[in-house]
Every structure is written in C-alpha cells, then in structure tokens.
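Engineer: Just coords00.cif, nothing more (mmCIF, C-alpha atoms):
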data_data
#
loop_
_atom_site.label_atom_id
_atom_site.label_comp_id
_atom_site.auth_asym_id
_atom_site.auth_seq_id
_atom_site.Cartn_x
_atom_site.Cartn_y
_atom_site.Cartn_z
CA MET W 1 -36.28 -287.89 -81.59
CA ASN W 2 -35.45 -284.22 -82.02
CA ARG W 3 -35.37 -283.67 -78.29
CA LYS W 4 -32.89 -286.42 -77.73
CA LEU W 5 -30.70 -285.07 -80.48
CA LEU W 6 -30.83 -281.54 -78.97
CA LYS W 7 -29.86 -282.84 -75.51
CA ILE W 8 -26.88 -284.62 -77.00
CA ALA W 9 -25.71 -281.64 -79.16
CA LEU W 10 -26.24 -278.80 -76.61
CA PRO W 11 -23.20 -279.54 -74.36
CA TRP W 12 -20.92 -279.83 -77.36
CA LEU W 13 -22.27 -276.59 -78.80
CA THR W 14 -21.66 -274.77 -75.50
CA LEU W 15 -18.12 -276.10 -75.32
CA VAL W 16 -17.42 -274.94 -78.87
CA LEU W 17 -18.58 -271.36 -78.00
CA VAL W 18 -16.94 -270.98 -74.55
CA LEU W 19 -13.60 -272.65 -75.22
CA PRO W 20 -12.24 -269.96 -77.59
CA MET W 21 -13.16 -267.26 -75.08
CA LEU W 22 -11.32 -269.06 -72.29
CA VAL W 23 -8.26 -269.45 -74.48
CA MET W 24 -8.19 -265.72 -75.28
CA LEU W 25 -8.68 -264.80 -71.63
CA PHE W 26 -5.75 -266.82 -70.35
CA THR W 27 -3.33 -266.11 -73.24
CA ALA W 28 -3.79 -262.27 -73.69
CA LYS W 29 -0.95 -259.90 -72.32
CA PRO W 30 -1.92 -257.29 -69.70
CA VAL W 31 -1.92 -253.58 -70.80
CA GLU W 32 -0.65 -250.85 -68.38
CA ALA W 33 -2.80 -247.73 -67.86
CA GLY W 34 -1.82 -244.80 -69.95
CA CYS W 35 0.56 -246.83 -72.17
CA PRO W 36 0.07 -246.97 -75.95
CA CYS W 37 -1.75 -250.14 -76.99
CA GLY W 38 0.08 -250.62 -80.28
CA ASP W 39 -0.94 -250.18 -83.86
CA ASP W 40 -3.84 -251.84 -85.55
CA ASP W 41 -1.41 -254.27 -87.06
CA GLY W 42 -0.43 -255.48 -83.56
CA SER W 43 3.21 -254.14 -83.63
CA THR W 44 5.17 -253.33 -80.35
CA PRO W 45 4.70 -249.69 -79.06
CA PRO W 46 7.84 -247.34 -79.06
CA PRO W 47 9.81 -246.78 -75.81
CA PRO W 48 9.41 -243.44 -73.83
CA ALA W 49 11.38 -240.36 -75.19
CA THR W 50 14.67 -239.41 -73.31
CA ARG W 51 16.84 -236.27 -73.06
CA THR W 52 20.44 -235.55 -72.00
CA VAL W 53 21.39 -233.19 -69.14
CA SER W 54 25.00 -231.88 -69.24
CA VAL W 55 26.29 -230.12 -66.08
CA ASP W 56 29.61 -228.25 -65.85
CA VAL W 57 31.32 -225.88 -63.40
CA SER W 58 33.45 -222.75 -63.93
CA PRO W 59 36.20 -222.29 -62.95
CA SER W 60 37.37 -225.84 -62.64
CA GLY W 61 37.72 -226.61 -58.97
CA GLY W 62 35.52 -223.70 -57.93
CA GLY W 63 32.86 -226.06 -56.64
CA ASP W 64 30.50 -228.93 -57.44
CA VAL W 65 26.92 -229.34 -58.62
CA GLU W 66 24.77 -231.97 -56.95
CA VAL W 67 22.40 -233.60 -59.45
CA GLU W 68 19.48 -235.16 -57.59
CA GLY W 69 21.62 -235.15 -54.44
CA ARG W 70 24.66 -236.85 -56.03
CA VAL W 71 27.99 -235.23 -57.00
CA PRO W 72 29.31 -236.31 -60.43
CA ARG W 73 32.72 -237.93 -60.59
CA SER W 74 33.91 -235.49 -63.27
CA TYR W 75 32.76 -232.54 -65.38
CA PRO W 76 31.08 -232.03 -67.69
CA ALA W 77 28.73 -234.64 -66.26
CA LYS W 78 26.02 -236.06 -68.52
CA ARG W 79 22.84 -237.78 -67.45
CA THR W 80 19.99 -239.22 -69.50
CA VAL W 81 16.48 -238.66 -68.18
CA THR W 82 12.96 -239.12 -69.49
CA LYS W 83 11.60 -236.09 -71.33
CA GLY W 84 9.65 -233.82 -69.00
CA THR W 85 11.45 -235.01 -65.87
CA ARG W 86 12.29 -232.37 -63.24
CA VAL W 87 15.95 -232.51 -62.13
CA ARG W 88 17.09 -230.88 -58.89
CA LEU W 89 20.46 -229.03 -59.00
CA GLU W 90 22.41 -227.53 -56.11
CA ALA W 91 25.73 -225.64 -56.42
CA GLU W 92 28.26 -226.33 -53.66
CA PRO W 93 31.23 -223.83 -53.64
CA ALA W 94 34.69 -225.10 -52.82
CA LEU W 95 36.70 -223.55 -50.01
CA GLY W 96 37.60 -219.96 -50.94
CA TYR W 97 34.82 -219.65 -53.55
CA TYR W 98 31.16 -218.65 -53.57
CA PHE W 99 28.37 -219.40 -56.05
CA VAL W 100 27.57 -216.58 -58.51
CA SER W 101 24.96 -217.77 -61.02
CA TRP W 102 23.82 -220.43 -63.49
CA ASN W 103 24.55 -220.04 -67.17
CA GLY W 104 23.83 -221.82 -70.41
CA ASP W 105 20.27 -223.16 -70.68
CA LEU W 106 19.55 -222.04 -67.10
CA ILE W 107 19.78 -218.34 -66.18
CA GLY W 108 19.61 -217.02 -62.62
CA ASN W 109 21.15 -217.53 -59.21
CA ASP W 110 18.48 -219.55 -57.36
CA ASN W 111 20.25 -222.27 -55.44
CA PRO W 112 19.12 -225.04 -55.19
CA THR W 113 16.78 -225.11 -58.17
CA ASP W 114 14.59 -227.56 -60.13
CA VAL W 115 14.82 -227.78 -63.93
CA ARG W 116 12.28 -229.49 -66.21
CA ILE W 117 14.17 -231.27 -69.00
CA ASN W 118 12.28 -231.14 -72.31
CA THR W 119 15.32 -230.83 -74.61
CA ASN W 120 18.98 -231.68 -74.45
CA THR W 121 20.20 -229.22 -71.78
CA THR W 122 23.62 -227.75 -70.90
CA ILE W 123 23.99 -225.96 -67.55
CA VAL W 124 27.11 -224.30 -66.11
CA ALA W 125 27.50 -223.26 -62.47
CA HIS W 126 29.79 -220.23 -62.05
CA PHE W 127 31.79 -219.65 -58.89
CA PHE W 128 33.81 -216.59 -57.83
CA PRO W 129 37.02 -216.80 -55.84
CA GLU W 130 36.86 -214.80 -52.63
CA GLU W 131 40.39 -213.53 -53.33
CA PHE W 132 42.24 -212.43 -56.48
CA VAL W 133 46.03 -212.08 -56.57
CA SER W 134 48.06 -210.33 -59.27
CA GLU W 135 50.83 -212.15 -61.12
CA ASP W 136 53.52 -210.38 -59.10
CA GLU W 137 51.56 -211.06 -55.88
CA MET W 138 51.68 -207.37 -55.00
CA LEU W 139 47.93 -206.77 -55.30
CA HIS W 140 45.26 -208.70 -53.39
CA ILE W 141 41.51 -208.35 -53.89
CA VAL W 142 39.11 -209.80 -51.32
CA ILE W 143 35.45 -210.14 -52.34
CA PRO W 144 32.92 -210.78 -49.53
CA GLU W 145 30.91 -213.97 -49.94
CA GLY W 146 27.65 -213.40 -51.74
CA THR W 147 28.78 -210.22 -53.50
CA ILE W 148 26.89 -209.66 -56.75
CA VAL W 149 29.13 -208.45 -59.57
CA LEU W 150 27.45 -206.78 -62.54
CA ASP W 151 28.89 -205.73 -65.88
CA LYS W 152 28.32 -202.32 -67.47
CA ASP W 153 24.97 -203.56 -68.86
CA GLY W 154 23.72 -204.67 -65.44
CA GLU W 155 24.15 -208.39 -66.20
CA SER W 156 25.81 -210.84 -63.82
CA LEU W 157 29.56 -210.94 -64.32
CA ILE W 158 31.11 -214.41 -64.25
CA SER W 159 34.82 -213.50 -64.31
CA LEU W 160 37.26 -210.69 -63.51
CA GLU W 161 40.40 -209.53 -65.31
CA LEU W 162 43.44 -208.49 -63.28
CA THR W 163 46.53 -207.32 -65.19
CA ILE W 164 49.59 -205.16 -64.59
CA ASN W 165 49.52 -201.88 -66.53
CA GLU W 166 52.72 -201.86 -68.59
CA THR W 167 52.14 -198.29 -69.80
CA PRO W 168 51.54 -196.33 -66.59
CA LEU W 169 49.37 -193.26 -66.70
CA PRO W 170 51.04 -189.97 -65.74
CA PRO W 171 50.77 -189.25 -62.02
CA PRO W 172 49.08 -186.10 -60.71
CA PRO W 173 51.36 -183.10 -60.14
CA GLU W 174 51.05 -183.38 -56.37
CA ALA W 175 52.00 -187.10 -56.10
CA ASN W 176 54.21 -189.89 -57.44
CA ILE W 177 53.22 -193.48 -58.30
CA VAL W 178 54.87 -196.07 -56.05
CA GLY W 179 55.29 -199.39 -57.88
CA LEU W 180 53.05 -200.26 -60.84
CA PRO W 181 49.38 -199.55 -61.62
CA TYR W 182 46.99 -202.52 -61.86
CA ASP W 183 44.00 -202.77 -64.21
CA LEU W 184 40.96 -204.49 -62.76
CA GLY W 185 38.29 -205.19 -65.38
CA PRO W 186 36.18 -205.41 -67.35
CA ASP W 187 35.48 -201.69 -67.53
CA GLY W 188 32.18 -200.53 -66.13
CA ALA W 189 31.72 -203.49 -63.78
CA SER W 190 30.47 -202.80 -60.26
CA PHE W 191 29.75 -204.56 -56.95
CA ASP W 192 26.67 -204.42 -54.77
CA GLN W 193 28.92 -204.04 -51.71
CA PRO W 194 32.50 -202.77 -51.25
CA ILE W 195 35.42 -205.11 -51.92
CA THR W 196 38.87 -204.81 -50.35
CA ILE W 197 41.97 -203.91 -52.38
CA SER W 198 45.36 -204.27 -50.71
CA CYS W 199 48.65 -203.19 -52.40
CA SER W 200 52.15 -203.98 -51.18
CA TYR W 201 54.90 -201.35 -51.39
CA ASP W 202 58.16 -203.26 -51.31
CA TYR W 203 59.44 -200.59 -53.70
CA GLU W 204 61.70 -197.78 -52.61
CA ILE W 205 59.76 -194.87 -51.15
CA PRO W 206 61.15 -191.35 -51.64
CA PRO W 207 63.01 -190.41 -48.46
CA GLU W 208 61.00 -187.22 -48.07
CA VAL W 209 57.68 -189.16 -48.01
CA ALA W 210 56.32 -190.58 -44.75
CA GLU W 211 54.88 -194.10 -44.99
CA GLU W 212 51.68 -193.11 -43.21
CA ASP W 213 50.97 -190.64 -46.04
CA LEU W 214 50.76 -193.36 -48.73
CA VAL W 215 47.34 -193.79 -50.36
CA ILE W 216 45.64 -195.85 -53.08
CA ALA W 217 44.28 -193.84 -56.01
CA CYS W 218 41.95 -194.82 -58.86
CA TYR W 219 42.19 -193.34 -62.34
CA ASP W 220 38.89 -191.82 -63.46
CA GLU W 221 38.80 -191.94 -67.27
CA ASP W 222 35.74 -189.68 -67.43
CA VAL W 223 37.57 -186.71 -65.91
CA GLY W 224 41.08 -187.84 -66.88
CA GLU W 225 42.65 -187.67 -63.42
CA TRP W 226 43.56 -189.77 -60.38
CA LEU W 227 41.14 -189.82 -57.46
CA VAL W 228 42.58 -190.47 -54.01
CA LEU W 229 40.69 -193.11 -51.99
CA PRO W 230 40.49 -193.30 -48.17
CA SER W 231 43.31 -195.67 -47.30
CA VAL W 232 44.86 -197.48 -44.32
CA VAL W 233 48.63 -198.06 -44.17
CA ASP W 234 50.03 -201.17 -42.45
CA MET W 235 53.68 -200.25 -41.87
CA VAL W 236 54.41 -203.70 -40.39
CA ASN W 237 53.33 -205.65 -43.48
CA ASN W 238 54.07 -202.78 -45.92
CA THR W 239 50.58 -202.66 -47.39
CA VAL W 240 48.01 -200.00 -48.21
CA THR W 241 44.33 -201.01 -48.11
CA THR W 242 41.12 -199.39 -49.34
CA LEU W 243 37.49 -200.26 -50.17
CA VAL W 244 36.01 -199.86 -53.68
CA ASP W 245 32.69 -200.63 -55.36
CA HIS W 246 33.81 -200.49 -58.98
CA LEU W 247 36.62 -201.64 -61.26
CA GLY W 248 39.37 -199.56 -62.83
CA THR W 249 43.08 -198.77 -62.63
CA PHE W 250 44.57 -198.64 -59.14
CA ALA W 251 48.00 -197.63 -57.83
CA ILE W 252 49.78 -196.52 -54.68
CA MET W 253 50.46 -192.78 -54.56
CA ALA W 254 53.12 -190.96 -52.54
CA PRO W 255 52.25 -187.29 -52.02
CA VAL W 256 54.92 -184.86 -53.16
CA PRO W 257 56.13 -183.04 -50.05
CA ILE W 258 55.25 -179.37 -50.01
CA VAL W 259 58.37 -177.26 -49.68
CA PRO W 260 57.56 -174.58 -47.14
CA ILE W 261 58.05 -171.03 -48.33
CA PRO W 262 60.46 -169.32 -45.96
CA VAL W 263 58.71 -166.65 -43.98
CA PRO W 264 60.90 -163.58 -43.58
CA VAL W 265 61.69 -162.70 -39.98
CA LEU W 266 60.47 -159.18 -39.41
CA ALA W 267 62.24 -156.89 -37.03
CA PRO W 268 60.09 -156.12 -33.98
CA ALA W 269 58.26 -152.81 -33.88
CA ALA W 270 60.14 -149.92 -32.24
CA PHE W 271 58.47 -146.50 -32.07
CA THR W 272 60.32 -143.19 -31.72
CA PRO W 273 58.63 -139.76 -31.44
CA SER W 274 60.48 -136.75 -32.82
CA SER W 275 60.18 -133.29 -34.41
CA LEU W 276 57.83 -131.63 -31.91
CA SER W 277 56.21 -128.59 -33.58
CA ILE W 278 54.09 -125.86 -31.90
CA PHE W 279 52.41 -123.14 -34.00
CA PRO W 280 52.04 -120.35 -33.20
CA LEU W 281 54.39 -119.97 -30.25
CA GLU W 282 52.48 -116.85 -29.20
CA ALA W 283 48.71 -116.83 -29.49
CA ASN W 284 45.89 -114.67 -28.28
CA ILE W 285 43.29 -115.88 -25.87
CA GLY W 286 40.96 -118.33 -27.69
CA GLU W 287 43.27 -118.68 -30.68
CA THR W 288 43.98 -122.27 -31.91
CA VAL W 289 47.42 -123.69 -31.32
CA ARG W 290 48.54 -126.75 -33.36
CA ILE W 291 50.91 -129.22 -31.74
CA SER W 292 52.34 -132.02 -33.94
CA VAL W 293 54.90 -134.77 -33.54
CA LEU W 294 56.51 -137.23 -36.00
CA VAL W 295 56.21 -140.90 -34.94
CA THR W 296 58.54 -143.45 -36.62
CA ASN W 297 58.41 -147.28 -36.41
CA THR W 298 62.00 -148.33 -36.95
CA GLY W 299 61.00 -152.01 -36.95
CA GLU W 300 59.08 -154.06 -39.60
CA GLN W 301 56.33 -155.68 -37.62
CA LYS W 302 52.96 -154.00 -37.56
CA ALA W 303 52.03 -152.61 -34.14
CA SER W 304 50.18 -149.81 -32.39
CA TYR W 305 51.62 -146.85 -30.47
CA THR W 306 49.94 -144.39 -28.10
CA VAL W 307 50.69 -140.67 -28.36
CA THR W 308 49.75 -138.54 -25.32
CA LEU W 309 49.59 -134.74 -25.18
CA LYS W 310 50.11 -133.11 -21.78
CA ILE W 311 49.73 -129.39 -21.14
CA ASN W 312 51.02 -128.12 -17.82
CA GLU W 313 51.51 -131.79 -16.78
CA MET W 314 47.82 -132.55 -17.31
CA ILE W 315 46.71 -135.09 -20.00
CA GLU W 316 44.96 -133.11 -22.69
CA GLU W 317 44.39 -135.79 -25.37
CA THR W 318 45.48 -139.34 -26.36
CA ARG W 319 45.83 -140.77 -29.88
CA GLU W 320 46.65 -144.31 -31.06
CA ILE W 321 48.56 -144.91 -34.30
CA THR W 322 49.28 -148.23 -36.10
CA LEU W 323 52.36 -148.60 -38.29
CA ALA W 324 54.09 -151.50 -40.06
CA GLY W 325 57.30 -149.61 -40.48
CA GLY W 326 57.72 -145.99 -41.59
CA SER W 327 56.60 -142.67 -40.11
CA ALA W 328 53.40 -140.70 -39.59
CA THR W 329 52.58 -137.24 -38.15
CA VAL W 330 50.18 -136.90 -35.24
CA THR W 331 48.60 -133.45 -34.76
CA PHE W 332 46.71 -132.04 -31.77
CA THR W 333 44.90 -128.71 -31.49
CA THR W 334 44.19 -126.66 -28.37
CA ALA W 335 43.07 -123.18 -27.34
CA ARG W 336 43.33 -121.30 -24.02
CA ASP W 337 41.08 -118.68 -22.46
CA GLU W 338 43.66 -117.34 -20.03
CA ALA W 339 46.88 -115.56 -20.74
CA GLY W 340 50.09 -117.16 -19.66
CA THR W 341 52.85 -119.58 -20.60
CA TYR W 342 51.88 -123.19 -21.12
CA SER W 343 54.28 -126.19 -21.06
CA VAL W 344 53.84 -128.97 -23.64
CA ASP W 345 54.84 -132.65 -23.20
CA VAL W 346 54.26 -135.18 -26.01
CA ASN W 347 55.73 -138.58 -25.09
CA SER W 348 58.67 -136.88 -23.32
CA LEU W 349 59.19 -134.28 -26.06
CA HIS W 350 58.94 -130.86 -24.39
CA GLY W 351 58.02 -127.40 -25.60
CA SER W 352 55.84 -124.39 -24.67
CA PHE W 353 53.66 -121.62 -26.07
CA MET W 354 52.44 -118.23 -24.74
CA VAL W 355 48.89 -116.91 -24.65
CA LYS W 356 48.44 -113.13 -24.57
CA GLU W 357 45.47 -110.94 -23.87
CA VAL W 358 43.88 -109.39 -26.95
CA PRO W 359 44.98 -105.62 -27.14
CA GLN W 360 42.08 -103.08 -26.78
CA PRO W 361 41.57 -100.55 -29.62
CA PRO W 362 42.40 -96.85 -28.64
CA ALA W 363 39.50 -94.57 -27.46
CA PRO W 364 38.35 -91.87 -29.94
CA PRO W 365 39.56 -88.25 -29.07
CA THR W 366 37.08 -85.93 -27.24
CA GLY W 367 38.22 -82.50 -28.81
CA VAL W 368 37.10 -81.09 -32.22
CA LYS W 369 39.54 -81.69 -35.03
CA TRP W 370 39.31 -78.40 -37.03
CA THR W 371 41.61 -79.76 -39.65
CA VAL W 372 38.84 -82.02 -40.71
CA LEU W 373 35.79 -80.04 -39.70
CA GLY W 374 37.00 -76.65 -41.13
CA PRO W 375 37.00 -77.57 -44.79
CA ILE W 376 33.63 -79.21 -44.42
CA LEU W 377 32.09 -76.05 -42.91
CA ALA W 378 33.62 -73.92 -45.62
CA VAL W 379 32.00 -76.00 -48.33
CA VAL W 380 28.63 -75.81 -46.60
CA ILE W 381 28.83 -71.99 -46.17
CA PHE W 382 29.81 -71.57 -49.80
CA LEU W 383 26.90 -73.60 -51.01
CA ALA W 384 24.46 -71.78 -48.68
CA ILE W 385 25.51 -68.24 -49.87
CA PHE W 386 26.43 -68.48 -53.51
CA LEU W 387 23.98 -71.18 -54.70
CA PRO W 388 20.81 -69.06 -54.03
CA ILE W 389 22.37 -65.98 -55.73
CA ARG W 390 23.14 -68.02 -58.86
CA VAL W 391 19.57 -69.31 -58.95
CA ARG W 392 18.07 -65.79 -58.74
CA ARG W 393 20.20 -64.45 -61.59
CA ARG W 394 19.03 -67.26 -63.85
CA ARG W 395 15.43 -66.39 -63.11
CA ALA W 396 16.03 -62.69 -63.81
CA PHE W 397 17.31 -63.26 -67.29
CA ARG W 398 14.31 -65.34 -68.31
#
For this file, write the structure as structure tokens.

Structural biologist:
Amino acid sequence: MNRKLLKIALPWLTLVLVLPMLVMLFTAKPVEAGCPCGDDDGSTPPPPATRTVSVDVSPSGGGDVEVEGRVPRSYPAKRTVTKGTRVRLEAEPALGYYFVSWNGDLIGNDNPTDVRINTNTTIVAHFFPEEFVSEDEMLHIVIPEGTIVLDKDGESLISLELTINETPLPPPPEANIVGLPYDLGPDGASFDQPITISCSYDYEIPPEVAEEDLVIACYDEDVGEWLVLPSVVDMVNNTVTTLVDHLGTFAIMAPVPIVPIPVPVLAPAAFTPSSLSIFPLEANIGETVRISVLVTNTGEQKASYTVTLKINEMIEETREITLAGGSATVTFTTARDEAGTYSVDVNSLHGSFMVKEVPQPPAPPTGVKWTVLGPILAVVIFLAIFLPIRVRRRRAFR
C-alpha cells in the first residue's frame, strides 16, 4: 500500500521541485560582464559617468581642431564622452597661419595628440599668422612657418603686439629717423630662427641722403642707443628689409652725410740754394775748410732736395735735405794736402779758396851772441873769484 502511494506521489513531488527552477531560468534578465549587478534591494544600477570636452581656437579663423577626425561646426565646440575616454585632437592651420601650441588643460605643441578625459576639459589651439602688418601698413613682419616664439621667461608666446610709437626716441647724432618707430612686443620675447622685418619709406628723404644708404635700426634699452642692423634697400618698392631674432623698437635710419673738411691746397715744393760761404778763404795745407749753403723751400709741400759739392769740377760730397717749407743750412768740410787755388761749385753757386804751404821757422844763427853770453860769463867769474875769498875770511874769524 505504501509503495503504490509512493509511486503515485513521486512524479507530483518532482514537478513541484523542478517547476520553480524552470520558471526562474526562463524569466531572469541576463547580466553583462563587468557591469554592476544592482543593490541587494534589487534596484536598477546607475548609468556610466560622463565628462565634457570643450575645444576652442585662437585667433578666430586661424585654423581648426579635428576631434576624433571631425571638424566642429563652430567654436567653442563641446562634446560629451565617457569618463576615462581618450580623445584624439589634431590642429589644422588655416592658410597664412601655423600651429603654435595647446593651452588650457593641455600644455605642449605635440600635434596630433591624444587626451584622456577624466574631468571636464577645456583646450585651446593657438595659431600664429605668418605675417603681421602695422595699422598704417608701413611695417610688415614675416614669420617662417614653425618658428617657436618664447617670452622673456622662456615660455611659448601665443600672441604678438605691434604698435606705432607715438613718442619717438631721439635719433643717434649720426643719423635721422625716417618715418615713425614701431614697437614689437612683448619685451624680452625671442624667436628660435630669424624673422623678416620690412619697412616702407614713402616719407620724404633728406635730399643729401642716398636711398641705398637707408638702414633699419633697433633701439637697445640696455645700452640706451640705436643699433644699426644689416639691411637691404629695395628702391623699386621703397622698402628696407632686415632679419631679427628678438622684439623691440624698430625704425628706418638715414645717415647724416659727413661734410668733408676742405683740404688746403699746398703750393708745390720749390728749392733755391743761396748764400754760399767758404771759411777760411786762405788755408794752410791740411787745414779744414768749411763750405756752407742756405737751402730754401719756397713752396708748402714737403719734399726732398739734393745738395752736391764739387771741388775743381769733381763731386766731393752729396747731401739730401727734406723740407716742408722754410730754410736750412747745409755744411760741408774739406781739407787739401797740396797748395793751390781750388774752385767750389754747390748746386751752381760758385766760389773758391786758396791753400798755402806752411811757412818754415827761421834757422838759429851760427855766431856767438856776446850780448847774451858776456853777462853770463861775468857772473860766473865773479862767483868763482870772490865767493872762495869770502868763505876763507869767515873761517879766519872763528
């Protein structure tokens, strides 16, 4: 009886146990991997977190920024992305501009670049025009593509300032300013390669200044003076061009013409010999005779003159004298070992001197001169006779 009852109840018992499991299996919602499975109370899980990306360009019209390969319709462009998403940005310069750097929440100049968005992000792409023009269109600045511009602190510069200097600095003493000076700033900025500055000179140039002498100068505040830069003048387009690697105040300079100092015309040199002097006119053999002449340069130019002494038509000696106007005496000396008359010629001035034999002293006389010898003998005889007698008498009285 129990077995029959068990056979009847077993299928129903199995159905009661399996049926709820089948219901749960076919009615439960699938769960994605990695997704939150809800709270214990069975509430719906929250949606994924999102962030906003704002992209802008400066200056307006300087270029575009592709966000994930697409160019926004307008700027600033905003896009909502899931937190942690990497967004690819690429700066595209417009014609006449080049990309400088990113700014805002992205610093650097990598282009293109990927940015992970974890917070609300604002990014600005800065572009530089390849050419700056002053308000009066008299100054043009051309910046080569890719030039890096740094401020005085070595940071990337995102804009330039170009103004006309209304209070011109005083020009250097040797030049005049043509037109107006231009201030290119900010101060202390520099370029990693030279840029081109071109100034027009539709202003009146002083008539005494040649166009090809015009130059561009830069005012150096450290030393307080203008520094002339190597310049090229285009006389067809009336421009002066130079290369610079820094900012400052620039202007066209016209050199002040140097008034030549008149050089006095000096009268040509003209030499005249005069005043021939011979001393002594009569000399003994071997005695020195001095011959001098006065040479005068009646002109004003400095020059040399040759003075030649001839004795008996033979050149004795030559002297050279240099004078720049005025007179000088030239003296010769000579001596002769033969008696005779000698002619003198000094640059066509004539004279003469005589040389005589030296007179011989007279021979001593051969006879005895008693007028001299007599008194001497008398003194000797006196001393020989009377001196012994005097000596004897003195001895006798002793």

Engineer: What is the distance, in Å and to one decimal place, between atom CA of His350 of chain W and atom CA of Thr288 of chain W?

Structural biologist: 18.8 Å

Engineer: Give me the result of the PyMOL selection byres ((chain W and resi 306) around 10) on this file, residue by residue, as number ranges by chain.

Structural biologist: W: 271, 295, 304-305, 307-308, 318-322, 347

Engineer: Please evaluate the PyMOL selection byres ((chain W and resi 282) around 9) against the structure above and give the resulting residues as a PyMOL selection string.

Structural biologist: chain W and resi 279-281+283-284+289+353-356

Engineer: Given the PyMOL selection byres ((chain W and resi 227-233) around 10) and the file above, list the residues it selects as a PyMOL selection string.

Structural biologist: chain W and resi 172+197-200+211-220+223-226+234-244+250-253

Engineer: So, with only C-alpha atoms as the atoms that count, which of W:Pro264, W:Pro171, W:Gly325, W:Gly351 lies closest to Ser292 of chain W?

Structural biologist: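 The shortest atom-to-atom distance to Ser292 of chain W comes from W:Gly351.
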
Engineer: Fewer than 4 positions away in the same chain doesn't count, so skip those; otherwise give me all residues within 10 Å of Leu180 of chain W, counting all atoms listed in the file, as a PDB file with C-alpha atoms, in the coordinates of the input.

Structural biologist:
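What ended up in around-v1.pdb:
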ATOM      1  CA  MET W 138      51.680-207.370 -55.000  1.00  0.00           C
ATOM      2  CA  LEU W 139      47.930-206.770 -55.300  1.00  0.00           C
ATOM      3  CA  ILE W 164      49.590-205.160 -64.590  1.00  0.00           C
ATOM      4  CA  ASN W 165      49.520-201.880 -66.530  1.00  0.00           C
ATOM      5  CA  GLU W 166      52.720-201.860 -68.590  1.00  0.00           C
ATOM      6  CA  THR W 167      52.140-198.290 -69.800  1.00  0.00           C
ATOM      7  CA  PRO W 168      51.540-196.330 -66.590  1.00  0.00           C
ATOM      8  CA  LEU W 169      49.370-193.260 -66.700  1.00  0.00           C
ATOM      9  CA  CYS W 199      48.650-203.190 -52.400  1.00  0.00           C
ATOM     10  CA  TYR W 201      54.900-201.350 -51.390  1.00  0.00           C
ATOM     11  CA  TYR W 203      59.440-200.590 -53.700  1.00  0.00           C
ATOM     12  CA  PHE W 250      44.570-198.640 -59.140  1.00  0.00           C
ATOM     13  CA  ALA W 251      48.000-197.630 -57.830  1.00  0.00           C
ATOM     14  CA  ILE W 252      49.780-196.520 -54.680  1.00  0.00           C
TER      15      ILE W 252
END

Engineer: Provide the atom CA of Lys152 of chain W to atom CA of Pro170 of chain W distance in Å, to one decimal place.

Structural biologist: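 Here the two named atoms are 25.9 Å from each other.
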
Engineer: Skipping near chain neighbours, those fewer than 3 positions away, what residues fall within 12 Å of Pro194 of chain W using only C-alpha atoms, listed as a PyMOL selection string?

Structural biologist: chain W and resi 141-149+190-191+197+242-247

Engineer: So that I can check the surroundings of Ser60 of chain W, please list as a CSV table (one decimal) with C-alpha atoms, keeping the file's coordinate frame every protein, DNA and RNA residue that reaches within 10 Å of it, counting all atoms listed in the file and ignoring chain neighbours fewer than 3 positions away.

Structural biologist:
chain,number,residue,atom,x,y,z
W,56,ASP,CA,29.6,-228.2,-65.8
W,57,VAL,CA,31.3,-225.9,-63.4
W,63,GLY,CA,32.9,-226.1,-56.6
W,64,ASP,CA,30.5,-228.9,-57.4
W,75,TYR,CA,32.8,-232.5,-65.4
W,126,HIS,CA,29.8,-220.2,-62.0
W,127,PHE,CA,31.8,-219.6,-58.9

Engineer: Using only C-alpha atoms, which of the listed residues (W:Val81, W:Ile158, W:Met314, W:Leu106) sits closest to Thr50 of chain W?

Structural biologist: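 Going through W:Val81, W:Ile158, W:Met314, W:Leu106 one by one, the smallest distance to Thr50 of chain W is for W:Val81.
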
Engineer: Here is a test: counting all atoms listed in the file, which residue of W:Val87, W:Val100, W:Ala324, W:Ile278 is nearest to Val293 of chain W?

Structural biologist: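 Of the candidates, the smallest distance to Val293 of chain W is held by W:Ile278.
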
Engineer: Would you pick out the contacts of Arg73 of chain W at 12 Å or less, using only C-alpha atoms, so that residues sharing its chain but fewer than 4 positions from it are not included, and give the list as a list of chain:residue names?

Structural biologist: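 Result of the neighbour search: W:Val55, W:Asp56, W:Asp64, W:Val65, W:Glu66, W:Val67, W:Ala77, W:Lys78.
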
Engineer: Please save C-alpha atoms of the selected residues as a CSV table (one decimal), keeping the file's coordinate frame.

Structural biologist:
chain,number,residue,atom,x,y,z
W,55,VAL,CA,26.3,-230.1,-66.1
W,56,ASP,CA,29.6,-228.2,-65.8
W,64,ASP,CA,30.5,-228.9,-57.4
W,65,VAL,CA,26.9,-229.3,-58.6
W,66,GLU,CA,24.8,-232.0,-57.0
W,67,VAL,CA,22.4,-233.6,-59.4
W,77,ALA,CA,28.7,-234.6,-66.3
W,78,LYS,CA,26.0,-236.1,-68.5

Engineer: Could you jot down the atom CA of Gly188 of chain W to atom CA of Asp105 of chain W separation for me, Å, one decimal place?

Structural biologist: 26.0 Å

Engineer: With distances taken over only C-alpha atoms, which residue among W:Thr85, W:Ser58, W:Asn109, W:Thr80 lies nearest Phe128 of chain W?

Structural biologist: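 Nearest to Phe128 of chain W: W:Ser58.
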
Engineer: So which one's closest to Pro59 of chain W, W:Ala335, W:Val344, W:Ala94, W:Val71? Using all atoms listed in the file, please.

Structural biologist: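 Under the stated criterion, the closest residue is W:Ala94.
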
Engineer: So, counting only C-alpha atoms, which residue among W:Pro93, W:Ala49, W:Val265, W:Val209 is closest to Ala175 of chain W?

Structural biologist: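 Ranking W:Pro93, W:Ala49, W:Val265, W:Val209 by distance to Ala175 of chain W, first place goes to W:Val209.
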
Engineer: Using all atoms listed in the file, which residues sit within 9 Å of Thr121 of chain W once same-chain residues fewer than 2 positions away are excluded, as a list in words?

Structural biologist: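 Answer for this query is Arg51, Thr52, Val53, Ser54, Val55, Gly104, Asp105, Leu106, Ile117, Asn118, Thr119 and Ile123 of chain W.
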
Engineer: Please return segment 170-177 of chain W, rebuilt to N, CA and C atoms, as a CSV table (one decimal), in the coordinates of the input.

Structural biologist:
chain,number,residue,atom,x,y,z
W,170,PRO,N,50.3,-191.0,-66.4
W,170,PRO,CA,51.0,-190.0,-65.7
W,170,PRO,C,50.4,-189.7,-64.4
W,171,PRO,N,51.3,-189.5,-63.4
W,171,PRO,CA,50.8,-189.2,-62.0
W,171,PRO,C,50.3,-187.8,-61.9
W,172,PRO,N,49.5,-187.5,-60.9
W,172,PRO,CA,49.1,-186.1,-60.7
W,172,PRO,C,50.3,-185.3,-60.3
W,173,PRO,N,50.2,-183.9,-60.5
W,173,PRO,CA,51.4,-183.1,-60.1
W,173,PRO,C,51.7,-183.1,-58.7
W,174,GLU,N,50.8,-183.5,-57.8
W,174,GLU,CA,51.0,-183.4,-56.4
W,174,GLU,C,51.4,-184.7,-55.8
W,175,ALA,N,51.7,-185.8,-56.6
W,175,ALA,CA,52.0,-187.1,-56.1
W,175,ALA,C,52.8,-187.9,-57.1
W,176,ASN,N,53.5,-189.0,-56.6
W,176,ASN,CA,54.2,-189.9,-57.4
W,176,ASN,C,53.6,-191.3,-57.3
W,177,ILE,N,53.7,-192.1,-58.4
W,177,ILE,CA,53.2,-193.5,-58.3
W,177,ILE,C,54.3,-194.3,-57.7
